[in-house]
>>> print(open('model-v2.pdb').read())   # PDB, C-alpha atoms
ATOM      1  CA  MET A   1      50.948 -23.118  17.854
ATOM      2  CA  ILE A   2      51.919 -26.658  16.909
ATOM      3  CA  VAL A   3      54.639 -26.161  14.305
ATOM      4  CA  ARG A   4      56.210 -23.129  15.912
ATOM      5  CA  HIS A   5      56.981 -24.843  19.168
ATOM      6  CA  SER A   6      58.454 -27.958  17.641
ATOM      7  CA  LEU A   7      61.433 -25.669  17.005
ATOM      8  CA  HIS A   8      60.975 -23.194  19.829
ATOM      9  CA  HIS A   9      62.887 -25.148  22.432
ATOM     10  CA  ASP A  10      65.853 -25.796  20.136
ATOM     11  CA  SER A  11      67.270 -23.274  17.685
ATOM     12  CA  ILE A  12      64.480 -20.723  17.351
ATOM     13  CA  ALA A  13      65.070 -19.063  20.713
ATOM     14  CA  SER A  14      68.695 -18.251  19.913
ATOM     15  CA  ARG A  15      67.909 -17.151  16.374
ATOM     16  CA  ARG A  16      65.064 -14.999  17.712
ATOM     17  CA  ALA A  17      67.375 -13.164  20.094
ATOM     18  CA  PHE A  18      70.011 -12.677  17.382
ATOM     19  CA  LEU A  19      67.543 -11.407  14.790
ATOM     20  CA  ARG A  20      65.788  -9.179  17.326
ATOM     21  CA  GLY A  21      69.169  -7.661  18.061
ATOM     22  CA  LEU A  22      69.883  -7.004  14.384
ATOM     23  CA  ALA A  23      66.407  -5.605  13.777
ATOM     24  CA  SER A  24      66.613  -3.377  16.827
ATOM     25  CA  ALA A  25      70.155  -2.112  16.320
ATOM     26  CA  ALA A  26      69.169   0.344  13.621
ATOM     27  CA  GLY A  27      66.322   1.652  15.758
ATOM     28  CA  ALA A  28      68.642   2.046  18.712
ATOM     29  CA  LEU A  29      71.079   4.103  16.628
ATOM     30  CA  ALA A  30      68.262   6.308  15.368
ATOM     31  CA  LEU A  31      67.060   6.887  18.907
ATOM     32  CA  GLY A  32      70.528   7.472  20.298
ATOM     33  CA  GLY A  33      70.149  11.227  20.181
ATOM     34  CA  CYS A  34      67.127  11.233  22.502
ATOM     35  CA  ALA A  35      68.465   8.946  25.213
ATOM     36  CA  GLY A  36      67.847  10.825  28.435
ATOM     37  CA  LEU A  37      66.772   9.837  31.922
ATOM     38  CA  GLY A  38      63.149   9.746  33.053
ATOM     39  CA  ALA A  39      61.827   9.984  36.593
ATOM     40  CA  THR A  40      62.427   6.275  37.149
ATOM     41  CA  GLY A  41      65.982   6.323  35.858
ATOM     42  CA  ALA A  42      65.115   4.481  32.643
ATOM     43  CA  ARG A  43      66.036   6.011  29.297
ATOM     44  CA  PHE A  44      63.158   7.493  27.328
ATOM     45  CA  ASP A  45      63.877   4.981  24.550
ATOM     46  CA  ALA A  46      63.734   2.013  26.907
ATOM     47  CA  SER A  47      61.073  -0.019  28.662
ATOM     48  CA  SER A  48      60.219   0.301  32.343
ATOM     49  CA  LEU A  49      61.646  -3.197  32.773
ATOM     50  CA  SER A  50      65.113  -1.776  32.129
ATOM     51  CA  ALA A  51      64.805   0.291  35.329
ATOM     52  CA  ASP A  52      62.785  -2.174  37.411
ATOM     53  CA  PRO A  53      63.308  -5.738  36.114
ATOM     54  CA  THR A  54      60.229  -7.190  37.798
ATOM     55  CA  LEU A  55      57.493  -9.170  36.055
ATOM     56  CA  LEU A  56      54.160  -9.591  37.836
ATOM     57  CA  VAL A  57      52.685 -13.079  37.491
ATOM     58  CA  THR A  58      49.175 -14.485  37.753
ATOM     59  CA  THR A  59      48.858 -18.160  36.898
ATOM     60  CA  THR A  60      46.399 -21.027  37.046
ATOM     61  CA  ARG A  61      49.247 -23.550  36.779
ATOM     62  CA  LYS A  62      49.984 -25.819  39.726
ATOM     63  CA  PRO A  63      53.163 -24.679  41.541
ATOM     64  CA  VAL A  64      56.283 -26.844  41.447
ATOM     65  CA  ASN A  65      58.744 -26.506  44.330
ATOM     66  CA  GLY A  66      56.295 -24.131  45.961
ATOM     67  CA  GLY A  67      56.654 -21.809  42.993
ATOM     68  CA  ARG A  68      60.053 -20.710  44.339
ATOM     69  CA  ALA A  69      62.486 -22.810  42.310
ATOM     70  CA  GLU A  70      62.799 -23.842  38.673
ATOM     71  CA  PRO A  71      60.591 -24.838  36.862
ATOM     72  CA  TRP A  72      58.331 -22.866  39.270
ATOM     73  CA  PHE A  73      54.978 -23.803  37.669
ATOM     74  CA  GLY A  74      54.120 -26.930  35.705
ATOM     75  CA  PRO A  75      51.436 -28.083  33.238
ATOM     76  CA  GLU A  76      48.842 -29.204  35.773
ATOM     77  CA  ARG A  77      45.763 -27.168  36.723
ATOM     78  CA  ALA A  78      45.866 -25.559  40.164
ATOM     79  CA  SER A  79      42.968 -25.412  42.598
ATOM     80  CA  THR A  80      43.688 -21.722  43.242
ATOM     81  CA  MET A  81      45.384 -19.022  41.213
ATOM     82  CA  THR A  82      48.876 -17.911  42.242
ATOM     83  CA  VAL A  83      49.965 -14.273  42.293
ATOM     84  CA  ALA A  84      53.711 -13.641  42.314
ATOM     85  CA  ARG A  85      56.580 -11.298  41.534
ATOM     86  CA  ALA A  86      59.314 -12.579  39.228
ATOM     87  CA  LYS A  87      62.694 -10.914  39.525
ATOM     88  CA  LEU A  88      64.412 -10.781  36.151
ATOM     89  CA  VAL A  89      68.078 -10.890  35.236
ATOM     90  CA  PRO A  90      68.545  -8.300  32.461
ATOM     91  CA  PRO A  91      70.785  -8.890  29.439
ATOM     92  CA  GLY A  92      74.442  -8.057  29.919
ATOM     93  CA  ASP A  93      75.047  -5.858  32.926
ATOM     94  CA  GLY A  94      71.448  -4.638  33.024
ATOM     95  CA  ARG A  95      72.204  -1.063  32.004
ATOM     96  CA  PHE A  96      70.656  -1.445  28.567
ATOM     97  CA  SER A  97      67.424  -3.057  27.441
ATOM     98  CA  LEU A  98      67.354  -5.944  24.991
ATOM     99  CA  ALA A  99      65.714  -3.663  22.422
ATOM    100  CA  ALA A 100      68.709  -1.327  22.558
ATOM    101  CA  ALA A 101      71.541  -3.834  22.877
ATOM    102  CA  GLY A 102      70.534  -7.161  21.365
ATOM    103  CA  LEU A 103      73.686  -8.808  22.715
ATOM    104  CA  ASP A 104      72.241 -11.063  25.385
ATOM    105  CA  ASP A 105      68.887 -12.272  26.645
ATOM    106  CA  TRP A 106      66.734 -11.927  29.736
ATOM    107  CA  ARG A 107      66.558 -14.701  32.331
ATOM    108  CA  LEU A 108      64.182 -15.528  35.166
ATOM    109  CA  GLY A 109      65.649 -15.077  38.612
ATOM    110  CA  GLU A 110      63.808 -15.417  41.901
ATOM    111  CA  ILE A 111      60.024 -15.837  41.940
ATOM    112  CA  GLU A 112      58.170 -14.767  45.059
ATOM    113  CA  PRO A 113      54.523 -15.860  45.490
ATOM    114  CA  VAL A 114      52.510 -13.223  47.359
ATOM    115  CA  SER A 115      49.216 -13.338  49.229
ATOM    116  CA  ALA A 116      48.068  -9.894  48.122
ATOM    117  CA  ASP A 117      45.069  -9.320  45.899
ATOM    118  CA  VAL A 118      46.091  -8.495  42.313
ATOM    119  CA  GLY A 119      44.625  -5.006  42.474
ATOM    120  CA  ASP A 120      46.324  -4.271  45.812
ATOM    121  CA  LEU A 121      49.647  -5.596  44.513
ATOM    122  CA  LEU A 122      49.500  -3.285  41.513
ATOM    123  CA  ALA A 123      48.561  -0.308  43.668
ATOM    124  CA  GLU A 124      51.499  -1.078  45.951
ATOM    125  CA  ALA A 125      53.944  -1.383  43.051
ATOM    126  CA  GLY A 126      52.769   1.840  41.441
ATOM    127  CA  GLY A 127      52.780   2.716  37.763
ATOM    128  CA  PRO A 128      50.449   4.526  35.391
ATOM    129  CA  ASN A 129      49.566   1.627  33.085
ATOM    130  CA  LEU A 130      49.638  -2.153  32.881
ATOM    131  CA  LEU A 131      50.514  -4.511  30.029
ATOM    132  CA  ILE A 132      49.122  -8.049  30.391
ATOM    133  CA  TYR A 133      50.493 -10.821  28.191
ATOM    134  CA  VAL A 134      48.507 -14.051  27.718
ATOM    135  CA  HIS A 135      50.520 -16.800  26.034
ATOM    136  CA  GLY A 136      49.473 -19.408  23.501
ATOM    137  CA  PHE A 137      49.648 -23.166  22.898
ATOM    138  CA  ASN A 138      52.601 -25.385  23.809
ATOM    139  CA  GLN A 139      54.365 -23.087  26.273
ATOM    140  CA  THR A 140      56.258 -23.764  29.465
ATOM    141  CA  PHE A 141      55.914 -21.207  32.226
ATOM    142  CA  GLU A 142      59.462 -19.973  31.674
ATOM    143  CA  ALA A 143      59.024 -19.586  27.909
ATOM    144  CA  ALA A 144      55.780 -17.654  28.446
ATOM    145  CA  ALA A 145      57.392 -15.370  31.029
ATOM    146  CA  LEU A 146      60.327 -14.566  28.767
ATOM    147  CA  ASP A 147      57.991 -13.892  25.833
ATOM    148  CA  ALA A 148      56.148 -11.397  28.060
ATOM    149  CA  VAL A 149      59.460  -9.712  28.850
ATOM    150  CA  HIS A 150      60.604  -9.680  25.218
ATOM    151  CA  LEU A 151      57.288  -8.158  24.180
ATOM    152  CA  SER A 152      57.254  -5.440  26.849
ATOM    153  CA  ASP A 153      60.915  -4.575  26.341
ATOM    154  CA  GLY A 154      60.634  -4.744  22.552
ATOM    155  CA  ILE A 155      57.762  -2.219  22.397
ATOM    156  CA  MET A 156      59.423  -0.107  25.125
ATOM    157  CA  PHE A 157      56.339  -0.239  27.334
ATOM    158  CA  ARG A 158      56.288   2.337  30.122
ATOM    159  CA  GLY A 159      54.389   0.828  33.013
ATOM    160  CA  GLN A 160      54.057  -2.504  34.788
ATOM    161  CA  THR A 161      54.043  -5.809  32.922
ATOM    162  CA  MET A 162      52.077  -8.882  33.972
ATOM    163  CA  LEU A 163      52.002 -12.429  32.648
ATOM    164  CA  PHE A 164      48.805 -14.444  32.838
ATOM    165  CA  SER A 165      49.902 -18.057  32.410
ATOM    166  CA  TRP A 166      47.469 -20.936  32.018
ATOM    167  CA  PRO A 167      48.286 -24.683  32.190
ATOM    168  CA  SER A 168      49.918 -25.872  28.978
ATOM    169  CA  LYS A 169      51.573 -29.266  28.666
ATOM    170  CA  ALA A 170      54.095 -27.775  26.226
ATOM    171  CA  GLY A 171      53.790 -30.784  23.949
ATOM    172  CA  LEU A 172      53.046 -31.003  20.241
ATOM    173  CA  PHE A 173      50.322 -33.606  20.707
ATOM    174  CA  ASP A 174      48.524 -31.963  23.619
ATOM    175  CA  TYR A 175      46.414 -29.497  21.651
ATOM    176  CA  ALA A 176      43.124 -30.677  23.187
ATOM    177  CA  TYR A 177      44.467 -30.474  26.758
ATOM    178  CA  ASP A 178      45.838 -26.990  26.152
ATOM    179  CA  ARG A 179      42.620 -25.779  24.539
ATOM    180  CA  ASP A 180      40.540 -27.036  27.454
ATOM    181  CA  SER A 181      43.004 -25.565  29.976
ATOM    182  CA  ALA A 182      42.797 -22.187  28.281
ATOM    183  CA  MET A 183      39.017 -22.163  28.447
ATOM    184  CA  TRP A 184      39.098 -23.481  32.034
ATOM    185  CA  SER A 185      41.215 -20.441  32.963
ATOM    186  CA  ARG A 186      38.879 -17.803  31.559
ATOM    187  CA  ASP A 187      37.037 -17.211  34.851
ATOM    188  CA  GLU A 188      40.307 -16.573  36.693
ATOM    189  CA  PHE A 189      41.467 -14.126  34.036
ATOM    190  CA  GLU A 190      38.145 -12.338  34.367
ATOM    191  CA  ARG A 191      38.756 -12.154  38.134
ATOM    192  CA  VAL A 192      42.190 -10.660  37.512
ATOM    193  CA  LEU A 193      40.644  -7.909  35.394
ATOM    194  CA  GLN A 194      37.841  -7.403  37.920
ATOM    195  CA  SER A 195      40.318  -7.029  40.771
ATOM    196  CA  ILE A 196      42.313  -4.424  38.893
ATOM    197  CA  MET A 197      39.285  -2.393  37.862
ATOM    198  CA  ALA A 198      37.805  -2.545  41.372
ATOM    199  CA  ASN A 199      40.905  -0.804  42.740
ATOM    200  CA  PRO A 200      41.048   2.731  41.321
ATOM    201  CA  GLY A 201      44.597   3.139  42.620
ATOM    202  CA  ALA A 202      45.943   0.058  40.831
ATOM    203  CA  VAL A 203      46.701   1.375  37.345
ATOM    204  CA  GLY A 204      45.317   3.803  34.808
ATOM    205  CA  ARG A 205      44.820   1.809  31.625
ATOM    206  CA  ILE A 206      45.029  -1.942  31.038
ATOM    207  CA  TYR A 207      46.601  -3.074  27.768
ATOM    208  CA  ILE A 208      46.305  -6.724  26.746
ATOM    209  CA  VAL A 209      48.354  -8.671  24.207
ATOM    210  CA  ALA A 210      47.242 -12.277  23.765
ATOM    211  CA  HIS A 211      48.842 -14.814  21.448
ATOM    212  CA  SER A 212      47.440 -17.782  19.538
ATOM    213  CA  MET A 213      45.270 -19.981  21.807
ATOM    214  CA  GLY A 214      45.532 -17.364  24.561
ATOM    215  CA  THR A 215      43.343 -15.061  22.489
ATOM    216  CA  MET A 216      40.423 -17.435  22.927
ATOM    217  CA  LEU A 217      40.440 -17.286  26.724
ATOM    218  CA  THR A 218      41.046 -13.517  26.611
ATOM    219  CA  LEU A 219      38.075 -12.896  24.340
ATOM    220  CA  GLU A 220      35.855 -15.103  26.489
ATOM    221  CA  SER A 221      36.944 -13.270  29.644
ATOM    222  CA  LEU A 222      36.223  -9.895  28.050
ATOM    223  CA  ARG A 223      32.835 -11.147  26.910
ATOM    224  CA  GLN A 224      31.997 -12.291  30.437
ATOM    225  CA  LEU A 225      33.299  -9.040  31.916
ATOM    226  CA  TYR A 226      31.232  -6.911  29.563
ATOM    227  CA  ALA A 227      28.119  -9.002  30.209
ATOM    228  CA  ARG A 228      28.574  -8.363  33.934
ATOM    229  CA  TYR A 229      29.566  -4.678  33.968
ATOM    230  CA  GLY A 230      28.605  -3.270  30.589
ATOM    231  CA  ASP A 231      30.175  -0.039  29.335
ATOM    232  CA  ALA A 232      31.741   0.645  32.747
ATOM    233  CA  VAL A 233      34.738  -1.500  31.747
ATOM    234  CA  THR A 234      35.426   0.342  28.523
ATOM    235  CA  SER A 235      37.297   3.310  29.985
ATOM    236  CA  ARG A 236      39.791   1.102  31.860
ATOM    237  CA  ILE A 237      40.695  -1.153  28.941
ATOM    238  CA  GLY A 238      43.113   0.375  26.468
ATOM    239  CA  ALA A 239      44.282  -1.498  23.388
ATOM    240  CA  VAL A 240      43.615  -5.236  23.075
ATOM    241  CA  VAL A 241      45.965  -6.939  20.614
ATOM    242  CA  PHE A 242      45.209 -10.453  19.378
ATOM    243  CA  ALA A 243      48.396 -11.839  17.803
ATOM    244  CA  ALA A 244      47.796 -14.777  15.451
ATOM    245  CA  PRO A 245      44.475 -15.620  17.136
ATOM    246  CA  ASP A 246      43.668 -19.332  17.085
ATOM    247  CA  ILE A 247      39.906 -18.804  17.045
ATOM    248  CA  ASP A 248      37.233 -19.968  14.627
ATOM    249  CA  MET A 249      35.965 -17.053  12.514
ATOM    250  CA  ASP A 250      32.316 -17.711  13.364
ATOM    251  CA  VAL A 251      33.060 -17.916  17.092
ATOM    252  CA  PHE A 252      35.058 -14.695  16.889
ATOM    253  CA  SER A 253      32.330 -12.869  14.981
ATOM    254  CA  SER A 254      29.690 -13.953  17.504
ATOM    255  CA  ALA A 255      31.792 -12.870  20.495
ATOM    256  CA  ILE A 256      32.676  -9.499  18.942
ATOM    257  CA  LYS A 257      28.958  -8.683  18.751
ATOM    258  CA  ARG A 258      28.625  -9.323  22.496
ATOM    259  CA  ILE A 259      31.336  -7.005  23.851
ATOM    260  CA  GLY A 260      29.967  -3.652  22.729
ATOM    261  CA  PRO A 261      32.517  -0.809  22.447
ATOM    262  CA  LEU A 262      35.325  -3.113  23.570
ATOM    263  CA  ALA A 263      35.328  -4.471  20.004
ATOM    264  CA  GLY A 264      36.605  -1.107  18.788
ATOM    265  CA  LYS A 265      39.709  -1.500  20.970
ATOM    266  CA  ILE A 266      40.788  -4.778  19.339
ATOM    267  CA  THR A 267      43.673  -5.024  16.887
ATOM    268  CA  VAL A 268      44.236  -8.362  15.153
ATOM    269  CA  ILE A 269      47.679  -9.327  13.865
ATOM    270  CA  ALA A 270      46.987 -11.751  11.026
ATOM    271  CA  ALA A 271      49.061 -13.544   8.405
ATOM    272  CA  THR A 272      47.482 -15.583   5.649
ATOM    273  CA  ASN A 273      50.710 -17.612   5.473
ATOM    274  CA  ASP A 274      50.716 -18.578   9.163
ATOM    275  CA  ARG A 275      51.559 -22.274   8.847
ATOM    276  CA  ALA A 276      50.749 -23.069  12.462
ATOM    277  CA  LEU A 277      47.213 -21.721  12.121
ATOM    278  CA  ALA A 278      46.805 -23.567   8.827
ATOM    279  CA  LEU A 279      47.436 -26.793  10.720
ATOM    280  CA  SER A 280      45.100 -25.706  13.517
ATOM    281  CA  GLY A 281      42.419 -25.070  10.919
ATOM    282  CA  GLN A 282      42.839 -28.602   9.590
ATOM    283  CA  ILE A 283      42.459 -29.985  13.113
ATOM    284  CA  ALA A 284      39.268 -27.908  13.427
ATOM    285  CA  GLY A 285      37.748 -29.480  10.328
ATOM    286  CA  GLY A 286      39.060 -27.059   7.736
ATOM    287  CA  MET A 287      37.706 -23.903   9.373
ATOM    288  CA  THR A 288      39.764 -20.729   8.869
ATOM    289  CA  ARG A 289      41.331 -19.324  12.019
ATOM    290  CA  VAL A 290      41.074 -15.592  12.671
ATOM    291  CA  GLY A 291      44.844 -15.142  12.604
ATOM    292  CA  ALA A 292      45.043 -16.582   9.087
ATOM    293  CA  ALA A 293      42.022 -14.760   7.650
ATOM    294  CA  GLU A 294      42.079 -12.113   4.936
ATOM    295  CA  LYS A 295      42.377  -8.532   6.177
ATOM    296  CA  ALA A 296      39.156  -7.402   4.465
ATOM    297  CA  ALA A 297      37.115 -10.151   6.112
ATOM    298  CA  LEU A 298      38.358  -9.125   9.562
ATOM    299  CA  GLU A 299      37.841  -5.405   9.006
ATOM    300  CA  GLN A 300      34.187  -6.083   8.222
ATOM    301  CA  LEU A 301      33.836  -7.132  11.868
ATOM    302  CA  GLY A 302      34.874  -3.664  13.036
ATOM    303  CA  VAL A 303      38.353  -4.519  14.373
ATOM    304  CA  ARG A 304      41.689  -3.032  13.389
ATOM    305  CA  VAL A 305      43.952  -5.347  11.418
ATOM    306  CA  ILE A 306      47.712  -5.553  11.006
ATOM    307  CA  ASP A 307      48.500  -7.706   7.979
ATOM    308  CA  ALA A 308      51.781  -9.424   8.854
ATOM    309  CA  SER A 309      51.797 -11.790   5.889
ATOM    310  CA  GLU A 310      55.035 -10.271   4.596
ATOM    311  CA  ALA A 311      56.635  -9.741   8.005
ATOM    312  CA  GLY A 312      57.793 -13.240   8.889
ATOM    313  CA  TRP A 313      61.413 -14.336   8.602
ATOM    314  CA  GLY A 314      60.721 -18.070   8.669
ATOM    315  CA  ILE A 315      58.367 -20.630   7.195
ATOM    316  CA  ILE A 316      55.951 -20.577  10.138
ATOM    317  CA  ASN A 317      55.123 -16.868  10.687
ATOM    318  CA  HIS A 318      53.309 -17.465  13.969
ATOM    319  CA  ASP A 319      55.291 -15.258  16.356
ATOM    320  CA  VAL A 320      55.996 -12.120  14.326
ATOM    321  CA  PHE A 321      54.547  -9.994  17.135
ATOM    322  CA  ILE A 322      57.811 -10.657  18.985
ATOM    323  CA  SER A 323      60.309 -11.458  16.228
ATOM    324  CA  ASN A 324      59.541  -8.627  13.785
ATOM    325  CA  ALA A 325      60.461  -5.024  14.639
ATOM    326  CA  GLU A 326      57.876  -3.527  12.275
ATOM    327  CA  VAL A 327      55.044  -5.497  13.885
ATOM    328  CA  ARG A 328      56.270  -4.469  17.346
ATOM    329  CA  ARG A 329      56.114  -0.837  16.247
ATOM    330  CA  ALA A 330      52.530  -1.396  15.060
ATOM    331  CA  ILE A 331      51.638  -2.769  18.509
ATOM    332  CA  ARG A 332      53.254   0.288  20.078
ATOM    333  CA  ARG A 333      51.150   2.546  17.854
ATOM    334  CA  SER A 334      47.973   0.710  18.926
ATOM    335  CA  ILE A 335      48.853   1.369  22.570
ATOM    336  CA  ASP A 336      49.752   5.007  21.904
ATOM    337  CA  THR A 337      46.495   5.562  20.016
ATOM    338  CA  ALA A 338      44.460   4.095  22.888
ATOM    339  CA  ALA A 339      46.407   6.158  25.433
ATOM    340  CA  GLY A 340      45.706   9.331  23.497
TER
END
>>> encode(input="model-v2.pdb", output="structure tokens")
Amino acid sequence: MIVRHSLHHDSIASRRAFLRGLASAAGALALGGCAGLGATGARFDASSLSADPTLLVTTTRKPVNGGRAEPWFGPERASTMTVARAKLVPPGDGRFSLAAAGLDDWRLGEIEPVSADVGDLLAEAGGPNLLIYVHGFNQTFEAAALDAVHLSDGIMFRGQTMLFSWPSKAGLFDYAYDRDSAMWSRDEFERVLQSIMANPGAVGRIYIVAHSMGTMLTLESLRQLYARYGDAVTSRIGAVVFAAPDIDMDVFSSAIKRIGPLAGKITVIAATNDRALALSGQIAGGMTRVGAAEKAALEQLGVRVIDASEAGWGIINHDVFISNAEVRRAIRRSIDTAAG
């Protein structure tokens, strides 16, 4: 949210990578004894991205340079959604994932827009499951893409990973524009989910992790999807993780009542000391945001809650879903529980 990204483009990114490496090193040593090769060539203790460094992209941002050269997609709203493949440059020599090594960072390489339907593209790529990441406020396309990669690699996700990126101006004083852009994108995100579920060969389960302002458009899309298809969508959606959701508590409570059994698939990562959401609450007239609410109040709504109040390493505590190894493990458990 606002405070987080005032630092994000300067020193936080490098400190994030360094601290992720330190936090992950112990886990990598503990897992060293079970490092074998799976069918794809990736180690069992690594993400699928370590074997196939490709990120699928769906975005409502207007392309820049045809979407083929940096910065690829800008802050303006596009008339049509773009579907693309992003080739990634792995850390180091690419033989180890960031979660295992922690010595370098991922980078975006070539991005190839495609004309295929999202469901057809997924069916063509193959893979049992899909992780979709929806970013939050004040994010460039590149920053959002790399957060998606860090998340997928950090939780060692086995399956395809997709970024849904909506138009953000990536500016501290553009909260209203970003909020409206997020809500403007909800229909397209619903269409992405529809396309996947309409193609039985696309993927098995869909797992969604949405951050901050991105949780609002995700919840709205799920509400619209459930209103259209009812319980038929429930079996295809696995875990839905809302990390530091920038949503009014009353709005959240109302929406939860409208999505039926999908509500039982939601896990909220909350921190009462999230400084970014405290500021967002002030902008909203003093209303508590879901991501800064007390655990007991959220559990009364029937959702799972991860209390990350003690997990942050900084004064902001808005991105612990990526920066904190313990929170990443909790996300992994949510996915494993849904898969079981």
>>> resolve_selection(input="model-v2.pdb", expression="the PyMOL selection byres ((chain A and resi 55) around 9)", output="MDAnalysis selection string")
chainID A and resid 49 52:54 56:57 84:88 145 148:149 160:163
>>> residues_around(input="model-v2.pdb", residues="Val320 of chain A", least_positions_apart="4", cutoff="9 Å", atoms="all atoms listed in the file", output="list in words")
Ala243, Ala244, Ile269, Ala308, Ala311, Gly312, Trp313, Asn324, Ala325, Val327 and Arg328 of chain A
>>> closest_residue(input="model-v2.pdb", among="A:Glu70, A:Glu326, A:Asp120, A:Asp336", to="Pro200 of chain A", atoms="all atoms listed in the file")
A:Asp120
>>> resolve_selection(input="model-v2.pdb", expression="the PyMOL selection byres ((chain A and resi 259) around 9)", output="list in words")
Leu219, Leu222, Arg223, Gln224, Leu225, Tyr226, Ala227, Gly230, Asp231, Ala255, Ile256, Lys257, Arg258, Gly260, Pro261, Leu262 and Ala263 of chain A
>>> resolve_selection(input="model-v2.pdb", expression="the PyMOL selection byres ((chain A and resi 141-144) around 10)", output="PDB file with C-alpha atoms, keeping the file's coordinate frame")
ATOM      1  CA  HIS A   8      60.975 -23.194  19.829  1.00  0.00           C
ATOM      2  CA  HIS A   9      62.887 -25.148  22.432  1.00  0.00           C
ATOM      3  CA  ALA A  13      65.070 -19.063  20.713  1.00  0.00           C
ATOM      4  CA  THR A  59      48.858 -18.160  36.898  1.00  0.00           C
ATOM      5  CA  ARG A  61      49.247 -23.550  36.779  1.00  0.00           C
ATOM      6  CA  GLU A  70      62.799 -23.842  38.673  1.00  0.00           C
ATOM      7  CA  PRO A  71      60.591 -24.838  36.862  1.00  0.00           C
ATOM      8  CA  TRP A  72      58.331 -22.866  39.270  1.00  0.00           C
ATOM      9  CA  PHE A  73      54.978 -23.803  37.669  1.00  0.00           C
ATOM     10  CA  GLY A  74      54.120 -26.930  35.705  1.00  0.00           C
ATOM     11  CA  PRO A  75      51.436 -28.083  33.238  1.00  0.00           C
ATOM     12  CA  ARG A 107      66.558 -14.701  32.331  1.00  0.00           C
ATOM     13  CA  LEU A 108      64.182 -15.528  35.166  1.00  0.00           C
ATOM     14  CA  TYR A 133      50.493 -10.821  28.191  1.00  0.00           C
ATOM     15  CA  VAL A 134      48.507 -14.051  27.718  1.00  0.00           C
ATOM     16  CA  HIS A 135      50.520 -16.800  26.034  1.00  0.00           C
ATOM     17  CA  GLY A 136      49.473 -19.408  23.501  1.00  0.00           C
ATOM     18  CA  PHE A 137      49.648 -23.166  22.898  1.00  0.00           C
ATOM     19  CA  ASN A 138      52.601 -25.385  23.809  1.00  0.00           C
ATOM     20  CA  GLN A 139      54.365 -23.087  26.273  1.00  0.00           C
ATOM     21  CA  THR A 140      56.258 -23.764  29.465  1.00  0.00           C
ATOM     22  CA  ALA A 145      57.392 -15.370  31.029  1.00  0.00           C
ATOM     23  CA  LEU A 146      60.327 -14.566  28.767  1.00  0.00           C
ATOM     24  CA  ASP A 147      57.991 -13.892  25.833  1.00  0.00           C
ATOM     25  CA  ALA A 148      56.148 -11.397  28.060  1.00  0.00           C
ATOM     26  CA  VAL A 149      59.460  -9.712  28.850  1.00  0.00           C
ATOM     27  CA  HIS A 150      60.604  -9.680  25.218  1.00  0.00           C
ATOM     28  CA  LEU A 163      52.002 -12.429  32.648  1.00  0.00           C
ATOM     29  CA  PHE A 164      48.805 -14.444  32.838  1.00  0.00           C
ATOM     30  CA  SER A 165      49.902 -18.057  32.410  1.00  0.00           C
ATOM     31  CA  TRP A 166      47.469 -20.936  32.018  1.00  0.00           C
ATOM     32  CA  PRO A 167      48.286 -24.683  32.190  1.00  0.00           C
ATOM     33  CA  SER A 168      49.918 -25.872  28.978  1.00  0.00           C
ATOM     34  CA  LYS A 169      51.573 -29.266  28.666  1.00  0.00           C
ATOM     35  CA  ALA A 170      54.095 -27.775  26.226  1.00  0.00           C
TER      36      ALA A 170
END
